[in-house]
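The next block holds one structure in the form of structure tokens; read it before the comments.
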Amino acid sequence: MGQLVLNKSNIVKVEKVSKSFSNKKQEIPVLKDISLEISRGEIISILGESGCGKSTLLNIIGGFEKADEGKILLEDKIVKEPTRKCIMLFQNYGLFPWRSALKNIELGLEGLNLNVKDRRDRAVHYLELVGLGDKGDLFPHEVSGGMQQRIAIARALALQPEMILMDEPFAALDTFNRYYLQDELLRIQSQEKTTIALVTHDIDEAIYLSDRVFIMHANPGKIHKEIKIQLSKPRDRTHSDFQYYRKLIFEEFRFNRTATPIEFNI
Ligand SMILES: Nc1ncnc2c1ncn2[C@@H]1O[C@H](COP(=O)(O)OP(=O)(O)O)[C@@H](O)[C@H]1O
Ligand SMILES: [Mg+2]
């Protein structure tokens, strides 16, 4: 009581970002005037239908694509290219099939100034963190999709980034594995305090994981609404408070139905 409440510092600022792609000599606007800020240690979701520009926005934040207008600031510096401070985690895991789990993680560390032992120790530490301490010698094809994604998460975390960008990271998994991985992600994030920006078309996933959800509408992609999820974690998907947010978010999409069909996991 009476305590000074400090504003959390922003780690990322997206400032008035617009982007078009050329298609058969036609300019197609994909993102229009997107602005948002992400606080350090936060988990945010960008939620929207397929094709609304979520991946494009995430790629611009990560420095993989260039905005036509506007800019991205990561720790107050303009993002011009990908950096180790901000790592992208892809849906298809991006592991090298000819390397064991441990070697995949070590590979990511090769650019760092670590000796062989430190590199190995760090890789082992993060493999243990994702619960795969005994799976280091296995190759990606020898483990399940869920485990492959955990290896990819360990590889990203091992770089000790300020931020991880996740593009529909659990979309390829079945429901049970997805729920399990979501819990794992929350457990790891509460330990590592890494800032996470996640792109998803799954309303349930956005509510379960996020501190804030940015709802994106298409043609061109715009942030339509920001919703703060004021539920303590871990969250109960069956609780009426959770249902409240599902309904709230679903309505935001229902009233914006365009000619294209929307597929949501609701
Ligand atoms: N490199 C590209 N060249 C041309 N069009 C693209 C390119 N990348 C994405 N697009 C188009 O931009 C739109 C948004 O794509 P994307 O960001 O992948 O959407 P989402 O991730 O929300 O499904 C889509 O219409 C897609 O076809
Ligand atoms: Mg996408």
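Every chain in the structure tokens has a letter given in the order shown (A, B, ...), and although residue numbers restart at 1 in each chain, ligands are simply numbered from 1 in the order shown.
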
Could you pull out the strand (DSSP E) residues of region 79-253 of chain A from DSSP and send them as a PDB file with C-alpha atoms, in the first residue's frame?
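The resulting file, out-v9.pdb, is reproduced below:
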ATOM      1  CA  CYS A  86      15.867 -10.981 -30.382  1.00  0.00           C
ATOM      2  CA  ILE A  87      15.517 -14.575 -31.568  1.00  0.00           C
ATOM      3  CA  MET A  88      12.832 -15.971 -33.844  1.00  0.00           C
ATOM      4  CA  LEU A  89      11.314 -19.368 -33.136  1.00  0.00           C
ATOM      5  CA  MET A 163      13.369 -11.320 -26.425  1.00  0.00           C
ATOM      6  CA  ILE A 164      11.961 -14.336 -28.283  1.00  0.00           C
ATOM      7  CA  LEU A 165       9.578 -13.993 -31.215  1.00  0.00           C
ATOM      8  CA  MET A 166       7.358 -16.998 -31.803  1.00  0.00           C
ATOM      9  CA  ASP A 167       5.446 -17.528 -35.019  1.00  0.00           C
ATOM     10  CA  THR A 195      10.120 -11.128 -23.118  1.00  0.00           C
ATOM     11  CA  ILE A 196       7.970 -13.056 -25.570  1.00  0.00           C
ATOM     12  CA  ALA A 197       5.961 -11.845 -28.571  1.00  0.00           C
ATOM     13  CA  LEU A 198       3.839 -14.606 -29.974  1.00  0.00           C
ATOM     14  CA  VAL A 199       1.793 -14.762 -33.143  1.00  0.00           C
ATOM     15  CA  THR A 200      -1.229 -17.034 -33.142  1.00  0.00           C
ATOM     16  CA  ARG A 212      -1.856  -8.497 -23.401  1.00  0.00           C
ATOM     17  CA  VAL A 213      -3.470  -9.564 -26.665  1.00  0.00           C
ATOM     18  CA  PHE A 214      -3.303  -7.379 -29.770  1.00  0.00           C
ATOM     19  CA  ILE A 215      -6.160  -8.153 -32.097  1.00  0.00           C
ATOM     20  CA  MET A 216      -5.256  -7.711 -35.732  1.00  0.00           C
ATOM     21  CA  HIS A 217      -7.678  -7.196 -38.572  1.00  0.00           C
ATOM     22  CA  LYS A 222      -4.054  -3.171 -38.470  1.00  0.00           C
ATOM     23  CA  ILE A 223      -4.082  -3.454 -34.712  1.00  0.00           C
ATOM     24  CA  HIS A 224      -7.775  -3.253 -34.027  1.00  0.00           C
ATOM     25  CA  LYS A 225      -7.734  -3.576 -30.261  1.00  0.00           C
ATOM     26  CA  GLU A 226      -5.490  -4.266 -27.295  1.00  0.00           C
ATOM     27  CA  ILE A 227      -6.889  -6.409 -24.510  1.00  0.00           C
ATOM     28  CA  LYS A 228      -5.184  -6.803 -21.146  1.00  0.00           C
TER      29      LYS A 228
END

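Omitting region 178-185 of chain A and its sequence neighbours fewer than 3 positions away, and counting only C-alpha atoms, the residues within 10 Å are Leu129, Val130, Gly131, Gly146, Met147, Gln149, Arg150, Ile153, Pro169, Phe170, Ala171, Ala172, Leu173, Asp174, Thr175, Ile188, Gln189, Ser190, Gln191, Ile196, Glu205, Tyr208, Leu209, Lys233, Pro234 and Arg235 of chain A.
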
Create the file for the chosen residues now, containing N, CA and C atoms and written as a CSV table (one decimal), in the first residue's frame.
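Everything below was put into again.csv:
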chain,number,residue,atom,x,y,z
A,129,LEU,N,16.7,-27.5,-18.8
A,129,LEU,CA,15.6,-26.5,-18.4
A,129,LEU,C,14.3,-26.9,-19.2
A,130,VAL,N,14.4,-27.4,-20.4
A,130,VAL,CA,13.2,-27.8,-21.1
A,130,VAL,C,12.8,-29.2,-20.9
A,131,GLY,N,13.5,-29.9,-19.9
A,131,GLY,CA,13.1,-31.2,-19.5
A,131,GLY,C,13.6,-32.3,-20.4
A,146,GLY,N,6.7,-32.3,-30.3
A,146,GLY,CA,6.7,-31.4,-29.1
A,146,GLY,C,8.1,-31.3,-28.6
A,147,MET,N,8.8,-32.4,-28.6
A,147,MET,CA,10.2,-32.4,-28.1
A,147,MET,C,11.1,-31.6,-29.0
A,149,GLN,N,10.2,-29.0,-30.7
A,149,GLN,CA,10.0,-27.6,-30.4
A,149,GLN,C,10.7,-27.2,-29.0
A,150,ARG,N,10.7,-28.2,-28.1
A,150,ARG,CA,11.4,-27.9,-26.8
A,150,ARG,C,12.9,-27.7,-27.1
A,153,ILE,N,13.3,-24.3,-28.5
A,153,ILE,CA,13.2,-23.3,-27.4
A,153,ILE,C,14.5,-23.2,-26.6
A,169,PRO,N,4.1,-21.1,-32.7
A,169,PRO,CA,5.1,-22.1,-32.3
A,169,PRO,C,4.4,-23.5,-32.1
A,170,PHE,N,3.2,-23.5,-31.7
A,170,PHE,CA,2.6,-24.8,-31.3
A,170,PHE,C,1.5,-25.3,-32.3
A,171,ALA,N,1.4,-24.6,-33.4
A,171,ALA,CA,0.3,-24.9,-34.3
A,171,ALA,C,0.4,-26.3,-34.9
A,172,ALA,N,1.6,-26.9,-35.0
A,172,ALA,CA,1.7,-28.2,-35.6
A,172,ALA,C,1.5,-29.3,-34.6
A,173,LEU,N,1.2,-29.0,-33.4
A,173,LEU,CA,1.1,-30.0,-32.3
A,173,LEU,C,-0.4,-30.4,-32.1
A,174,ASP,N,-0.6,-31.6,-31.6
A,174,ASP,CA,-2.0,-31.9,-31.2
A,174,ASP,C,-2.3,-31.2,-29.9
A,175,THR,N,-3.6,-31.2,-29.6
A,175,THR,CA,-4.1,-30.4,-28.5
A,175,THR,C,-3.3,-30.6,-27.2
A,188,ILE,N,9.1,-21.8,-18.0
A,188,ILE,CA,10.4,-21.4,-18.3
A,188,ILE,C,10.5,-19.8,-18.3
A,189,GLN,N,9.4,-19.2,-18.8
A,189,GLN,CA,9.4,-17.8,-18.9
A,189,GLN,C,9.4,-17.1,-17.5
A,190,SER,N,8.7,-17.8,-16.6
A,190,SER,CA,8.7,-17.2,-15.2
A,190,SER,C,10.1,-17.3,-14.6
A,191,GLN,N,10.8,-18.3,-15.0
A,191,GLN,CA,12.2,-18.5,-14.5
A,191,GLN,C,13.2,-17.5,-15.2
A,196,ILE,N,8.4,-12.2,-24.5
A,196,ILE,CA,8.0,-13.1,-25.6
A,196,ILE,C,6.9,-12.4,-26.4
A,205,GLU,N,-5.2,-20.0,-27.0
A,205,GLU,CA,-3.7,-19.9,-26.7
A,205,GLU,C,-3.3,-18.5,-26.3
A,208,TYR,N,-4.5,-17.8,-22.7
A,208,TYR,CA,-3.8,-18.7,-21.8
A,208,TYR,C,-2.4,-18.1,-21.5
A,209,LEU,N,-1.7,-17.6,-22.5
A,209,LEU,CA,-0.3,-17.3,-22.3
A,209,LEU,C,-0.1,-15.8,-22.1
A,233,LYS,N,-1.7,-16.2,-13.4
A,233,LYS,CA,-1.3,-17.5,-14.0
A,233,LYS,C,-0.8,-18.5,-13.0
A,234,PRO,N,-1.0,-19.8,-13.1
A,234,PRO,CA,-1.5,-20.4,-14.3
A,234,PRO,C,-3.1,-20.2,-14.4
A,235,ARG,N,-3.5,-20.1,-15.6
A,235,ARG,CA,-4.9,-19.8,-15.9
A,235,ARG,C,-5.7,-21.1,-16.1

Measuring atom to atom with only C-alpha atoms and all ligand atoms, identify which of A:Pro220, A:Gly51, A:Pro140, A:Gly145 is nearest to ligand 2. A:Gly51

Give one line per residue of chain A that approaches ligand 1 to at most 9 Å, naming the two atoms of the closest pair and their distance in Å to one decimal, counting only C-alpha atoms and all ligand atoms; sort by chain then ascending residue number and deliver it as a tab-separated table.
residue	atom	partner	partner_atom_place_in_ligand_line	distance
A:Ser20	CA	ligand 1	12 (O)	7.8
A:Phe21	CA	ligand 1	4 (C)	4.8
A:Ser22	CA	ligand 1	4 (C)	6.1
A:Asn23	CA	ligand 1	4 (C)	6.2
A:Ile28	CA	ligand 1	5 (N)	7.7
A:Pro29	CA	ligand 1	12 (O)	8.0
A:Val30	CA	ligand 1	12 (O)	5.4
A:Leu31	CA	ligand 1	14 (C)	8.0
A:Leu47	CA	ligand 1	22 (O)	8.4
A:Gly48	CA	ligand 1	22 (O)	6.4
A:Glu49	CA	ligand 1	22 (O)	6.1
A:Ser50	CA	ligand 1	23 (O)	3.7
A:Gly51	CA	ligand 1	23 (O)	3.4
A:Cys52	CA	ligand 1	22 (O)	4.0
A:Gly53	CA	ligand 1	17 (O)	3.2
A:Lys54	CA	ligand 1	22 (O)	3.7
A:Ser55	CA	ligand 1	21 (O)	3.6
A:Thr56	CA	ligand 1	17 (O)	3.7
A:Leu57	CA	ligand 1	17 (O)	6.5
A:Leu58	CA	ligand 1	17 (O)	8.1
A:Asn59	CA	ligand 1	17 (O)	8.3
A:Glu65	CA	ligand 1	1 (N)	8.9
A:Asp167	CA	ligand 1	21 (O)	7.9
A:Glu168	CA	ligand 1	21 (O)	8.6
A:Val199	CA	ligand 1	21 (O)	7.8
A:Thr200	CA	ligand 1	22 (O)	8.4
A:His201	CA	ligand 1	22 (O)	8.1
A:Met216	CA	ligand 1	22 (O)	8.6
A:Ala218	CA	ligand 1	22 (O)	8.2
A:Asn219	CA	ligand 1	25 (O)	8.3
A:Pro220	CA	ligand 1	13 (C)	8.5
A:Gly221	CA	ligand 1	14 (C)	7.8

Atoms kept (N, CA and C atoms) for selection, written as an mmCIF file, in the first residue's frame:
data_model
loop_
_atom_site.group_PDB
_atom_site.id
_atom_site.type_symbol
_atom_site.label_atom_id
_atom_site.label_comp_id
_atom_site.auth_asym_id
_atom_site.auth_seq_id
_atom_site.Cartn_x
_atom_site.Cartn_y
_atom_site.Cartn_z
ATOM 1 N N SER A 20 3.970 -2.914 -47.789
ATOM 2 C CA SER A 20 3.226 -3.455 -48.939
ATOM 3 C C SER A 20 4.093 -4.489 -49.632
ATOM 4 N N PHE A 21 3.447 -5.434 -50.297
ATOM 5 C CA PHE A 21 4.163 -6.368 -51.164
ATOM 6 C C PHE A 21 3.692 -6.149 -52.592
ATOM 7 N N SER A 22 4.576 -6.346 -53.552
ATOM 8 C CA SER A 22 4.185 -6.225 -54.958
ATOM 9 C C SER A 22 3.728 -7.578 -55.467
ATOM 10 N N ASN A 23 2.647 -7.553 -56.185
ATOM 11 C CA ASN A 23 2.103 -8.780 -56.732
ATOM 12 C C ASN A 23 1.581 -8.467 -58.135
ATOM 13 N N ILE A 28 0.285 -4.400 -52.899
ATOM 14 C CA ILE A 28 -0.763 -4.831 -51.960
ATOM 15 C C ILE A 28 -0.365 -4.419 -50.551
ATOM 16 N N PRO A 29 -1.142 -3.500 -49.958
ATOM 17 C CA PRO A 29 -0.803 -3.091 -48.593
ATOM 18 C C PRO A 29 -1.088 -4.230 -47.620
ATOM 19 N N VAL A 30 -0.098 -4.620 -46.854
ATOM 20 C CA VAL A 30 -0.260 -5.742 -45.916
ATOM 21 C C VAL A 30 -0.371 -5.240 -44.478
ATOM 22 N N LEU A 31 0.482 -4.285 -44.120
ATOM 23 C CA LEU A 31 0.405 -3.698 -42.782
ATOM 24 C C LEU A 31 0.207 -2.194 -42.914
ATOM 25 N N LEU A 47 -2.921 -11.615 -32.425
ATOM 26 C CA LEU A 47 -3.942 -12.602 -32.767
ATOM 27 C C LEU A 47 -4.713 -12.134 -33.992
ATOM 28 N N GLY A 48 -4.813 -12.995 -34.980
ATOM 29 C CA GLY A 48 -5.592 -12.608 -36.159
ATOM 30 C C GLY A 48 -5.724 -13.755 -37.133
ATOM 31 N N GLU A 49 -6.615 -13.572 -38.097
ATOM 32 C CA GLU A 49 -6.877 -14.621 -39.081
ATOM 33 C C GLU A 49 -5.664 -14.822 -39.997
ATOM 34 N N SER A 50 -5.644 -15.954 -40.683
ATOM 35 C CA SER A 50 -4.553 -16.241 -41.617
ATOM 36 C C SER A 50 -4.479 -15.167 -42.688
ATOM 37 N N GLY A 51 -3.295 -14.730 -42.997
ATOM 38 C CA GLY A 51 -3.103 -13.766 -44.079
ATOM 39 C C GLY A 51 -3.255 -12.308 -43.656
ATOM 40 N N CYS A 52 -3.496 -12.050 -42.365
ATOM 41 C CA CYS A 52 -3.712 -10.654 -41.961
ATOM 42 C C CYS A 52 -2.395 -9.906 -41.772
ATOM 43 N N GLY A 53 -1.274 -10.612 -41.824
ATOM 44 C CA GLY A 53 0.012 -9.924 -41.753
ATOM 45 C C GLY A 53 0.795 -10.174 -40.476
ATOM 46 N N LYS A 54 0.390 -11.181 -39.695
ATOM 47 C CA LYS A 54 1.054 -11.446 -38.409
ATOM 48 C C LYS A 54 2.529 -11.789 -38.590
ATOM 49 N N SER A 55 2.788 -12.732 -39.517
ATOM 50 C CA SER A 55 4.189 -13.145 -39.715
ATOM 51 C C SER A 55 5.015 -11.981 -40.253
ATOM 52 N N THR A 56 4.422 -11.214 -41.151
ATOM 53 C CA THR A 56 5.141 -10.057 -41.697
ATOM 54 C C THR A 56 5.516 -9.097 -40.570
ATOM 55 N N LEU A 57 4.576 -8.848 -39.678
ATOM 56 C CA LEU A 57 4.857 -7.936 -38.558
ATOM 57 C C LEU A 57 5.971 -8.500 -37.672
ATOM 58 N N LEU A 58 5.894 -9.788 -37.370
ATOM 59 C CA LEU A 58 6.915 -10.400 -36.507
ATOM 60 C C LEU A 58 8.286 -10.357 -37.191
ATOM 61 N N ASN A 59 8.282 -10.624 -38.510
ATOM 62 C CA ASN A 59 9.546 -10.573 -39.258
ATOM 63 C C ASN A 59 10.138 -9.176 -39.260
ATOM 64 N N GLU A 65 12.597 -8.567 -42.147
ATOM 65 C CA GLU A 65 11.986 -7.806 -43.243
ATOM 66 C C GLU A 65 12.079 -6.333 -42.891
ATOM 67 N N ASP A 167 6.452 -17.561 -33.964
ATOM 68 C CA ASP A 167 5.446 -17.528 -35.019
ATOM 69 C C ASP A 167 4.641 -18.829 -34.996
ATOM 70 N N GLU A 168 3.465 -18.775 -34.394
ATOM 71 C CA GLU A 168 2.594 -19.949 -34.262
ATOM 72 C C GLU A 168 3.393 -21.183 -33.832
ATOM 73 N N VAL A 199 2.824 -14.917 -32.134
ATOM 74 C CA VAL A 199 1.793 -14.762 -33.143
ATOM 75 C C VAL A 199 0.939 -16.013 -33.152
ATOM 76 N N THR A 200 -0.363 -15.864 -33.151
ATOM 77 C CA THR A 200 -1.229 -17.034 -33.142
ATOM 78 C C THR A 200 -2.576 -16.717 -33.785
ATOM 79 N N HIS A 201 -3.255 -17.778 -34.272
ATOM 80 C CA HIS A 201 -4.636 -17.584 -34.693
ATOM 81 C C HIS A 201 -5.567 -18.309 -33.719
ATOM 82 N N MET A 216 -5.580 -8.263 -34.421
ATOM 83 C CA MET A 216 -5.256 -7.711 -35.732
ATOM 84 C C MET A 216 -6.370 -7.991 -36.719
ATOM 85 N N ALA A 218 -7.543 -7.677 -40.941
ATOM 86 C CA ALA A 218 -6.834 -7.804 -42.217
ATOM 87 C C ALA A 218 -7.191 -6.719 -43.222
ATOM 88 N N ASN A 219 -6.395 -6.722 -44.294
ATOM 89 C CA ASN A 219 -6.669 -5.938 -45.519
ATOM 90 C C ASN A 219 -6.851 -4.433 -45.331
ATOM 91 N N PRO A 220 -5.851 -3.736 -45.066
ATOM 92 C CA PRO A 220 -4.509 -4.160 -44.662
ATOM 93 C C PRO A 220 -4.481 -4.440 -43.165
ATOM 94 N N GLY A 221 -3.460 -5.186 -42.730
ATOM 95 C CA GLY A 221 -3.351 -5.555 -41.317
ATOM 96 C C GLY A 221 -3.205 -4.337 -40.415
#

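Nearest to Arg84 (chain A) of all the residues A:Glu252, A:Asp137, A:Asp204, A:Glu162 is A:Glu162, counting only C-alpha atoms.
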
Between A:Ile203, A:Leu231, A:Ala152, A:Leu109, which has the minimum distance to Phe253 (chain A) (counting only C-alpha atoms)? A:Ile203

Would you kindly return, as a list in words, each protein, DNA or RNA residue with an atom no farther than 10 Å from any atom of Leu159 (chain A), considering only C-alpha atoms and excluding same-chain residues fewer than 3 positions away? Arg84, Lys85, Cys86, Ile87, Ile105, Glu106, Gly108, Leu109, Gly111, Leu112, Arg122, Ala123, Tyr126, Ala154, Arg155, Ala156 and Glu162 of chain A

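The neighbours of Asp241 (chain A) here are the residues that come within 12 Å of it, using only C-alpha atoms and leaving out any residue fewer than 4 positions away in the same chain; they are Ile207, Tyr208, Ile229, Gln230, Leu231, Ser232, Arg235, Asp236, Arg237, Tyr245, Arg246, Lys247 and Leu248 of chain A.
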
For the residues in the current selection, export C-alpha atoms as a PDB file, in the first residue's frame.
ATOM      1  CA  ILE A 207      -5.597 -15.823 -23.503  1.00  0.00           C
ATOM      2  CA  TYR A 208      -3.792 -18.663 -21.762  1.00  0.00           C
ATOM      3  CA  ILE A 229      -5.744 -10.274 -19.693  1.00  0.00           C
ATOM      4  CA  GLN A 230      -6.196  -9.617 -16.017  1.00  0.00           C
ATOM      5  CA  LEU A 231      -6.065 -13.190 -14.771  1.00  0.00           C
ATOM      6  CA  SER A 232      -3.335 -14.620 -12.600  1.00  0.00           C
ATOM      7  CA  ARG A 235      -4.927 -19.838 -15.873  1.00  0.00           C
ATOM      8  CA  ASP A 236      -7.893 -22.150 -15.849  1.00  0.00           C
ATOM      9  CA  ARG A 237      -9.356 -22.615 -19.326  1.00  0.00           C
ATOM     10  CA  TYR A 245     -12.173 -13.196 -22.420  1.00  0.00           C
ATOM     11  CA  ARG A 246     -12.934 -15.808 -25.077  1.00  0.00           C
ATOM     12  CA  LYS A 247     -16.311 -14.237 -25.680  1.00  0.00           C
ATOM     13  CA  LEU A 248     -14.919 -10.717 -25.628  1.00  0.00           C
TER      14      LEU A 248
END

Have a look at CA of Gln160 (chain A) and CA of Val17 (chain A) and let me know their distance in Å, one decimal. 27.3 Å
